[in-house]
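Participant: Supplied structure: target_24.txt, compact mmCIF, N, CA and C atoms.
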# COMPACT_ATOMS: atom_id res chain seq x y z
N MET A 1 -36.24 -16.94 -11.46
CA MET A 1 -36.66 -16.44 -10.17
C MET A 1 -38.13 -16.77 -10.00
N LYS A 2 -38.51 -17.27 -8.83
CA LYS A 2 -39.89 -17.62 -8.57
C LYS A 2 -40.74 -16.37 -8.46
N GLU A 3 -42.01 -16.54 -8.81
CA GLU A 3 -42.94 -15.43 -8.70
C GLU A 3 -43.06 -15.01 -7.24
N GLY A 4 -43.07 -13.71 -7.02
CA GLY A 4 -43.20 -13.20 -5.66
C GLY A 4 -41.87 -12.97 -4.97
N THR A 5 -40.78 -13.42 -5.60
CA THR A 5 -39.47 -13.14 -5.01
C THR A 5 -38.80 -12.05 -5.81
N GLU A 6 -38.08 -11.21 -5.11
CA GLU A 6 -37.39 -10.11 -5.77
C GLU A 6 -35.93 -10.13 -5.37
N SER A 7 -35.09 -9.71 -6.27
CA SER A 7 -33.68 -9.56 -5.94
C SER A 7 -33.51 -8.24 -5.20
N HIS A 8 -32.75 -8.27 -4.11
CA HIS A 8 -32.52 -7.05 -3.36
C HIS A 8 -31.39 -6.23 -3.97
N ASN A 9 -30.60 -6.83 -4.85
CA ASN A 9 -29.50 -6.11 -5.49
C ASN A 9 -29.98 -5.63 -6.85
N THR A 10 -30.35 -4.36 -6.92
CA THR A 10 -30.87 -3.81 -8.17
C THR A 10 -29.80 -3.10 -8.98
N THR A 11 -28.58 -3.01 -8.43
CA THR A 11 -27.49 -2.34 -9.13
C THR A 11 -26.89 -3.28 -10.16
N PRO A 12 -26.91 -2.89 -11.44
CA PRO A 12 -26.30 -3.77 -12.45
C PRO A 12 -24.79 -3.78 -12.32
N LYS A 13 -24.19 -4.95 -12.55
CA LYS A 13 -22.75 -5.05 -12.53
C LYS A 13 -22.19 -4.52 -13.85
N PRO A 14 -21.02 -3.85 -13.80
CA PRO A 14 -20.40 -3.43 -15.05
C PRO A 14 -20.12 -4.66 -15.91
N GLN A 15 -20.42 -4.59 -17.18
CA GLN A 15 -20.29 -5.74 -18.07
C GLN A 15 -19.00 -5.67 -18.86
N GLY A 16 -18.51 -6.85 -19.26
CA GLY A 16 -17.44 -6.93 -20.23
C GLY A 16 -16.03 -6.97 -19.68
N LEU A 17 -15.82 -6.80 -18.38
CA LEU A 17 -14.46 -6.78 -17.86
C LEU A 17 -13.93 -8.19 -17.67
N TYR A 18 -14.71 -9.07 -17.07
CA TYR A 18 -14.25 -10.41 -16.75
C TYR A 18 -14.93 -11.44 -17.62
N GLU A 19 -14.13 -12.43 -18.08
CA GLU A 19 -14.71 -13.56 -18.81
C GLU A 19 -15.38 -14.51 -17.84
N GLY A 20 -14.78 -14.70 -16.69
CA GLY A 20 -15.32 -15.57 -15.66
C GLY A 20 -15.54 -14.77 -14.41
N LYS A 21 -15.51 -15.45 -13.28
CA LYS A 21 -15.66 -14.73 -12.02
C LYS A 21 -14.38 -13.95 -11.75
N PRO A 22 -14.48 -12.81 -11.07
CA PRO A 22 -13.29 -11.98 -10.84
C PRO A 22 -12.41 -12.52 -9.71
N ASP A 23 -11.83 -13.72 -9.94
CA ASP A 23 -10.94 -14.30 -8.95
C ASP A 23 -9.49 -13.97 -9.30
N THR A 24 -8.56 -14.44 -8.51
CA THR A 24 -7.15 -14.11 -8.71
C THR A 24 -6.64 -14.53 -10.08
N LYS A 25 -6.99 -15.73 -10.51
CA LYS A 25 -6.53 -16.20 -11.82
C LYS A 25 -7.05 -15.32 -12.94
N GLU A 26 -8.31 -14.91 -12.85
CA GLU A 26 -8.88 -14.05 -13.88
C GLU A 26 -8.23 -12.67 -13.88
N ILE A 27 -7.97 -12.14 -12.70
CA ILE A 27 -7.30 -10.85 -12.61
C ILE A 27 -5.88 -10.95 -13.17
N CYS A 28 -5.18 -12.04 -12.88
CA CYS A 28 -3.83 -12.25 -13.43
C CYS A 28 -3.88 -12.33 -14.95
N ARG A 29 -4.89 -12.98 -15.49
CA ARG A 29 -5.04 -13.07 -16.94
C ARG A 29 -5.19 -11.68 -17.54
N LEU A 30 -5.99 -10.84 -16.89
CA LEU A 30 -6.18 -9.47 -17.38
C LEU A 30 -4.90 -8.63 -17.26
N VAL A 31 -4.16 -8.81 -16.16
CA VAL A 31 -2.91 -8.07 -15.99
C VAL A 31 -1.92 -8.48 -17.08
N ALA A 32 -1.80 -9.78 -17.34
CA ALA A 32 -0.90 -10.25 -18.40
C ALA A 32 -1.31 -9.68 -19.75
N LYS A 33 -2.61 -9.62 -19.98
CA LYS A 33 -3.12 -9.05 -21.24
C LYS A 33 -2.79 -7.55 -21.32
N ASP A 34 -2.95 -6.83 -20.20
CA ASP A 34 -2.65 -5.39 -20.17
C ASP A 34 -1.17 -5.11 -20.38
N ILE A 35 -0.30 -5.96 -19.82
CA ILE A 35 1.14 -5.78 -19.97
C ILE A 35 1.53 -5.96 -21.44
N ASN A 36 0.88 -6.90 -22.10
CA ASN A 36 1.08 -7.12 -23.54
C ASN A 36 2.54 -7.33 -23.90
N ASP A 37 3.22 -8.17 -23.11
CA ASP A 37 4.62 -8.50 -23.38
C ASP A 37 4.71 -10.01 -23.54
N PRO A 38 5.05 -10.49 -24.73
CA PRO A 38 5.09 -11.93 -24.96
C PRO A 38 6.11 -12.66 -24.09
N GLN A 39 7.05 -11.92 -23.49
CA GLN A 39 8.04 -12.56 -22.62
C GLN A 39 7.52 -12.79 -21.21
N ILE A 40 6.36 -12.22 -20.88
CA ILE A 40 5.78 -12.40 -19.54
C ILE A 40 4.52 -13.24 -19.69
N SER A 41 4.55 -14.42 -19.11
CA SER A 41 3.42 -15.34 -19.22
C SER A 41 2.41 -15.10 -18.10
N ILE A 42 1.21 -15.63 -18.29
CA ILE A 42 0.18 -15.55 -17.25
C ILE A 42 0.69 -16.25 -15.99
N LYS A 43 1.40 -17.36 -16.16
CA LYS A 43 1.93 -18.10 -15.01
C LYS A 43 2.90 -17.23 -14.21
N GLU A 44 3.74 -16.45 -14.90
CA GLU A 44 4.67 -15.56 -14.20
C GLU A 44 3.92 -14.45 -13.46
N VAL A 45 2.89 -13.91 -14.06
CA VAL A 45 2.06 -12.90 -13.39
C VAL A 45 1.42 -13.51 -12.15
N GLU A 46 0.90 -14.74 -12.28
CA GLU A 46 0.30 -15.42 -11.13
C GLU A 46 1.31 -15.59 -10.00
N GLN A 47 2.55 -15.98 -10.34
CA GLN A 47 3.58 -16.15 -9.30
C GLN A 47 3.86 -14.84 -8.58
N ILE A 48 3.91 -13.74 -9.33
CA ILE A 48 4.15 -12.43 -8.72
C ILE A 48 2.98 -12.04 -7.82
N VAL A 49 1.76 -12.23 -8.31
CA VAL A 49 0.58 -11.86 -7.53
C VAL A 49 0.49 -12.71 -6.26
N PHE A 50 0.73 -14.02 -6.37
CA PHE A 50 0.66 -14.87 -5.19
C PHE A 50 1.76 -14.51 -4.19
N LYS A 51 2.95 -14.14 -4.68
CA LYS A 51 4.02 -13.69 -3.78
C LYS A 51 3.62 -12.38 -3.09
N PHE A 52 2.97 -11.50 -3.85
CA PHE A 52 2.44 -10.26 -3.29
C PHE A 52 1.48 -10.56 -2.13
N PHE A 53 0.54 -11.51 -2.34
CA PHE A 53 -0.40 -11.86 -1.29
C PHE A 53 0.30 -12.48 -0.08
N GLU A 54 1.34 -13.29 -0.33
CA GLU A 54 2.10 -13.86 0.78
C GLU A 54 2.72 -12.76 1.64
N ARG A 55 3.31 -11.76 0.98
CA ARG A 55 3.93 -10.66 1.72
C ARG A 55 2.88 -9.82 2.44
N ALA A 56 1.73 -9.61 1.82
CA ALA A 56 0.65 -8.87 2.48
C ALA A 56 0.17 -9.63 3.71
N ALA A 57 0.04 -10.95 3.59
CA ALA A 57 -0.36 -11.78 4.74
C ALA A 57 0.68 -11.70 5.85
N ASP A 58 1.97 -11.74 5.48
CA ASP A 58 3.04 -11.61 6.48
C ASP A 58 2.91 -10.29 7.24
N ALA A 59 2.62 -9.21 6.50
CA ALA A 59 2.46 -7.89 7.15
C ALA A 59 1.29 -7.91 8.12
N LEU A 60 0.18 -8.55 7.73
CA LEU A 60 -0.98 -8.63 8.64
C LEU A 60 -0.65 -9.44 9.89
N ILE A 61 0.05 -10.55 9.68
CA ILE A 61 0.39 -11.43 10.81
C ILE A 61 1.37 -10.73 11.76
N ASN A 62 2.38 -10.08 11.20
CA ASN A 62 3.44 -9.49 12.02
C ASN A 62 3.12 -8.10 12.55
N ASP A 63 2.47 -7.29 11.72
CA ASP A 63 2.25 -5.89 12.08
C ASP A 63 0.79 -5.53 12.32
N GLY A 64 -0.13 -6.40 11.89
CA GLY A 64 -1.55 -6.15 12.09
C GLY A 64 -2.19 -5.21 11.09
N VAL A 65 -1.40 -4.74 10.10
CA VAL A 65 -1.96 -3.83 9.10
C VAL A 65 -1.15 -3.94 7.82
N VAL A 66 -1.84 -3.78 6.70
CA VAL A 66 -1.18 -3.65 5.40
C VAL A 66 -1.96 -2.61 4.61
N SER A 67 -1.21 -1.72 3.95
CA SER A 67 -1.83 -0.62 3.22
C SER A 67 -1.41 -0.69 1.76
N PHE A 68 -2.39 -0.54 0.87
CA PHE A 68 -2.15 -0.54 -0.56
C PHE A 68 -2.43 0.88 -1.05
N THR A 69 -1.36 1.61 -1.37
CA THR A 69 -1.46 3.02 -1.72
C THR A 69 -2.58 3.27 -2.73
N GLY A 70 -3.48 4.16 -2.38
CA GLY A 70 -4.59 4.54 -3.25
C GLY A 70 -5.76 3.58 -3.21
N PHE A 71 -5.54 2.34 -2.82
CA PHE A 71 -6.59 1.33 -2.85
C PHE A 71 -7.31 1.20 -1.52
N GLY A 72 -6.56 0.86 -0.49
CA GLY A 72 -7.16 0.71 0.82
C GLY A 72 -6.21 0.04 1.79
N SER A 73 -6.69 -0.16 2.99
CA SER A 73 -5.88 -0.83 4.00
C SER A 73 -6.70 -1.93 4.66
N ILE A 74 -5.98 -2.96 5.07
CA ILE A 74 -6.58 -4.05 5.83
C ILE A 74 -5.87 -4.06 7.17
N HIS A 75 -6.63 -4.11 8.22
CA HIS A 75 -6.00 -4.26 9.51
C HIS A 75 -6.74 -5.31 10.32
N VAL A 76 -6.02 -5.84 11.31
CA VAL A 76 -6.55 -6.89 12.16
C VAL A 76 -7.09 -6.25 13.43
N ASP A 77 -8.36 -6.48 13.69
CA ASP A 77 -8.97 -6.00 14.93
C ASP A 77 -9.00 -7.14 15.94
N HIS A 78 -8.62 -6.84 17.16
CA HIS A 78 -8.67 -7.82 18.26
C HIS A 78 -10.00 -7.68 18.98
N ILE A 79 -10.69 -8.77 19.16
CA ILE A 79 -11.93 -8.77 19.94
C ILE A 79 -11.63 -9.54 21.22
N ALA A 80 -11.67 -8.85 22.34
CA ALA A 80 -11.32 -9.46 23.63
C ALA A 80 -12.32 -10.54 24.02
N ALA A 81 -11.84 -11.48 24.82
CA ALA A 81 -12.72 -12.50 25.37
C ALA A 81 -13.79 -11.81 26.21
N HIS A 82 -14.99 -12.31 26.15
CA HIS A 82 -16.07 -11.69 26.91
C HIS A 82 -17.18 -12.71 27.18
N GLU A 83 -18.02 -12.35 28.11
CA GLU A 83 -19.16 -13.20 28.44
C GLU A 83 -20.36 -12.77 27.60
N HIS A 84 -21.09 -13.73 27.10
CA HIS A 84 -22.25 -13.46 26.28
C HIS A 84 -23.40 -14.33 26.81
N TYR A 85 -24.59 -14.06 26.34
CA TYR A 85 -25.69 -14.90 26.77
C TYR A 85 -26.65 -15.15 25.62
N ASN A 86 -27.36 -16.26 25.73
CA ASN A 86 -28.37 -16.62 24.75
C ASN A 86 -29.67 -15.95 25.20
N PRO A 87 -30.22 -15.03 24.41
CA PRO A 87 -31.41 -14.30 24.85
C PRO A 87 -32.66 -15.19 24.97
N LEU A 88 -32.66 -16.31 24.26
CA LEU A 88 -33.82 -17.20 24.35
C LEU A 88 -33.81 -18.02 25.64
N SER A 89 -32.63 -18.52 26.02
CA SER A 89 -32.55 -19.37 27.21
C SER A 89 -32.01 -18.63 28.43
N GLY A 90 -31.36 -17.50 28.20
CA GLY A 90 -30.75 -16.78 29.31
C GLY A 90 -29.42 -17.38 29.74
N GLU A 91 -29.00 -18.47 29.07
CA GLU A 91 -27.75 -19.14 29.40
C GLU A 91 -26.56 -18.23 29.07
N LYS A 92 -25.63 -18.12 30.03
CA LYS A 92 -24.42 -17.34 29.82
C LYS A 92 -23.29 -18.26 29.37
N PHE A 93 -22.43 -17.73 28.51
CA PHE A 93 -21.28 -18.51 28.06
C PHE A 93 -20.14 -17.56 27.72
N ASN A 94 -18.94 -18.10 27.72
CA ASN A 94 -17.74 -17.31 27.44
C ASN A 94 -17.41 -17.39 25.95
N VAL A 95 -17.10 -16.25 25.39
CA VAL A 95 -16.65 -16.18 24.00
C VAL A 95 -15.15 -15.90 24.06
N PRO A 96 -14.33 -16.78 23.46
CA PRO A 96 -12.88 -16.57 23.53
C PRO A 96 -12.44 -15.37 22.70
N LYS A 97 -11.24 -14.88 22.98
CA LYS A 97 -10.70 -13.78 22.18
C LYS A 97 -10.60 -14.25 20.73
N ARG A 98 -10.73 -13.31 19.83
CA ARG A 98 -10.62 -13.64 18.41
C ARG A 98 -10.22 -12.39 17.65
N TYR A 99 -9.97 -12.57 16.38
CA TYR A 99 -9.54 -11.47 15.52
C TYR A 99 -10.43 -11.40 14.30
N LYS A 100 -10.52 -10.21 13.73
CA LYS A 100 -11.25 -10.07 12.47
C LYS A 100 -10.49 -9.09 11.59
N PHE A 101 -10.68 -9.24 10.28
CA PHE A 101 -10.07 -8.33 9.33
C PHE A 101 -11.04 -7.19 9.06
N ASP A 102 -10.48 -6.00 8.90
CA ASP A 102 -11.29 -4.82 8.59
C ASP A 102 -10.63 -4.13 7.40
N PHE A 103 -11.42 -3.88 6.36
CA PHE A 103 -10.91 -3.22 5.16
C PHE A 103 -11.48 -1.81 5.09
N ASN A 104 -10.61 -0.85 4.82
CA ASN A 104 -11.02 0.54 4.61
C ASN A 104 -10.57 0.96 3.22
N ALA A 105 -11.52 1.29 2.38
CA ALA A 105 -11.21 1.75 1.03
C ALA A 105 -10.71 3.18 1.10
N PHE A 106 -9.66 3.47 0.33
CA PHE A 106 -9.14 4.83 0.26
C PHE A 106 -9.95 5.62 -0.77
N GLN A 107 -9.73 6.91 -0.77
CA GLN A 107 -10.54 7.84 -1.58
C GLN A 107 -10.55 7.46 -3.06
N TRP A 108 -9.40 7.09 -3.62
CA TRP A 108 -9.35 6.76 -5.05
C TRP A 108 -10.31 5.62 -5.38
N LEU A 109 -10.33 4.57 -4.57
CA LEU A 109 -11.21 3.42 -4.82
C LEU A 109 -12.67 3.81 -4.64
N ARG A 110 -12.99 4.57 -3.60
CA ARG A 110 -14.38 4.99 -3.39
C ARG A 110 -14.87 5.84 -4.56
N GLU A 111 -14.00 6.76 -5.04
CA GLU A 111 -14.39 7.61 -6.17
C GLU A 111 -14.55 6.80 -7.45
N ARG A 112 -13.66 5.84 -7.67
CA ARG A 112 -13.76 5.01 -8.87
C ARG A 112 -15.05 4.19 -8.86
N PHE A 113 -15.40 3.66 -7.69
CA PHE A 113 -16.65 2.90 -7.55
C PHE A 113 -17.85 3.80 -7.84
N LYS A 114 -17.82 5.00 -7.26
CA LYS A 114 -18.94 5.93 -7.46
C LYS A 114 -19.06 6.33 -8.92
N ASP A 115 -17.93 6.59 -9.59
CA ASP A 115 -17.97 6.94 -11.02
C ASP A 115 -18.53 5.80 -11.86
N ALA A 116 -18.17 4.55 -11.52
CA ALA A 116 -18.61 3.40 -12.32
C ALA A 116 -20.06 3.02 -12.04
N ARG A 117 -20.48 3.12 -10.78
CA ARG A 117 -21.81 2.65 -10.40
C ARG A 117 -22.81 3.75 -10.10
N GLY A 118 -22.32 4.96 -9.91
CA GLY A 118 -23.21 6.06 -9.58
C GLY A 118 -23.70 6.02 -8.14
N GLU A 119 -23.06 5.21 -7.32
CA GLU A 119 -23.46 5.08 -5.91
C GLU A 119 -22.22 5.24 -5.03
N GLU A 120 -22.43 5.79 -3.87
CA GLU A 120 -21.33 6.05 -2.95
C GLU A 120 -21.09 4.84 -2.06
N VAL A 121 -19.82 4.64 -1.70
CA VAL A 121 -19.43 3.61 -0.75
C VAL A 121 -18.87 4.31 0.47
N ILE A 122 -19.25 3.85 1.64
CA ILE A 122 -18.70 4.41 2.87
C ILE A 122 -17.92 3.34 3.61
N ASN A 123 -16.97 3.75 4.41
CA ASN A 123 -16.23 2.84 5.28
C ASN A 123 -16.94 2.77 6.62
N ASP A 124 -16.95 1.57 7.20
CA ASP A 124 -17.50 1.42 8.55
C ASP A 124 -16.66 2.15 9.57
N HIS A 125 -15.35 2.18 9.33
CA HIS A 125 -14.42 2.82 10.25
C HIS A 125 -13.54 3.75 9.45
N PRO A 126 -13.15 4.89 9.98
CA PRO A 126 -12.24 5.77 9.24
C PRO A 126 -10.88 5.11 9.09
N PRO A 127 -10.14 5.42 8.01
CA PRO A 127 -8.80 4.86 7.83
C PRO A 127 -7.92 5.17 9.03
N THR A 128 -7.01 4.23 9.31
CA THR A 128 -6.14 4.37 10.48
C THR A 128 -4.89 5.16 10.18
N SER A 129 -4.61 5.43 8.90
CA SER A 129 -3.40 6.19 8.59
C SER A 129 -3.72 7.52 7.97
Take the structure in the file and give it back as structure tokens.
Facilitator:
Amino acid sequence: MKEGTESHNTTPKPQGLYEGKPDTKEICRLVAKDINDPQISIKEVEQIVFKFFERAADALINDGVVSFTGFGSIHVDHIAAHEHYNPLSGEKFNVPKRYKFDFNAFQWLRERFKDARGEEVINDHPPTS
């Protein structure tokens, strides 16, 4: 880090859980290790997890919401088409309708985060269910 620059993230990450970055493959590796069954391979765990994500995506596409008991919910917010302007030039332009994902952590996840990090997490929006 160059002199005079500071990191804005002063919270240390919990150490020792992941060998690499906490991506899907790494999480599948840990799940396979936790299951500790020689008949279940990492590849099989990956197939199950990827199928899980496919079904979750289908729920978002078809129903606009998917909820993971105890963990949180993801829902699709619709942002209507609207007129906007550039404050520097004053030029007006149309912004087309679009969608965004919104995640709300449930109580169990917020408490687990607080226990591990000593800091509270809040949701931008209250859970919808």
Participant: Do a neighbour search on Glu120 in chain A at 8 Å with only C-alpha atoms, toss out local chain neighbours closer than 5 positions, and write the hits as a list of chain:residue names.
Facilitator: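 Close residues of Glu120 in chain A: A:Arg110, A:Glu111, A:Phe113, A:Lys114.
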Participant: Give me the residues within 10 Å of range 47-58 of chain A as number ranges by chain, counting only C-alpha atoms and dropping any in the same chain fewer than 4 places off.
Facilitator: A: 24-25, 27-28, 31, 41-43, 62-68, 74
Participant: Measuring between only C-alpha atoms, which one of A:Glu26, A:Asp34, A:Asp102, A:Glu119 shows the shortest distance to Leu60 in chain A?
Facilitator: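 Ranked by minimum distance to Leu60 in chain A, first place goes to A:Asp102.
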Participant: Out of A:Arg117, A:His84, A:Lys92, A:His75, which residue has the shortest atom-to-atom distance to Asn104 in chain A when counting all atoms listed in the file?
Facilitator: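 Between A:Arg117, A:His84, A:Lys92, A:His75, the residue approaching Asn104 in chain A most closely is A:His75.
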Participant: Can you list, as a list in words, all residues belonging to range 14-101 of chain A that DSSP tags as strand (DSSP E or B)?
Facilitator: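 So the strand (DSSP E or B) residues in range 14-101 of chain A would be Val65, Val66, Ser67, Phe68, Gly72, Ser73, Ile74, His75, Val76, Asp77, His78, Ile79, His82, Glu83, His84, Tyr85, Lys92, Phe93, Asn94, Val95, Arg98, Tyr99, Lys100 and Phe101 of chain A.
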Participant: So the first atom is atom C of Ile40 in chain A and the second is atom N of Gly72 in chain A; what is the distance between them in Å, to one decimal place?
Facilitator: 26.3 Å
Participant: Between CA of Arg29 in chain A and CA of Val45 in chain A, what is the spacing in Å?
Facilitator: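 These atoms are spaced 7.9 Å apart.
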Participant: CA of Glu46 in chain A and CA of Gly70 in chain A are how many Å apart?
Facilitator: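 CA of Gly70 in chain A lies at a distance of 22.0 Å from CA of Glu46 in chain A.
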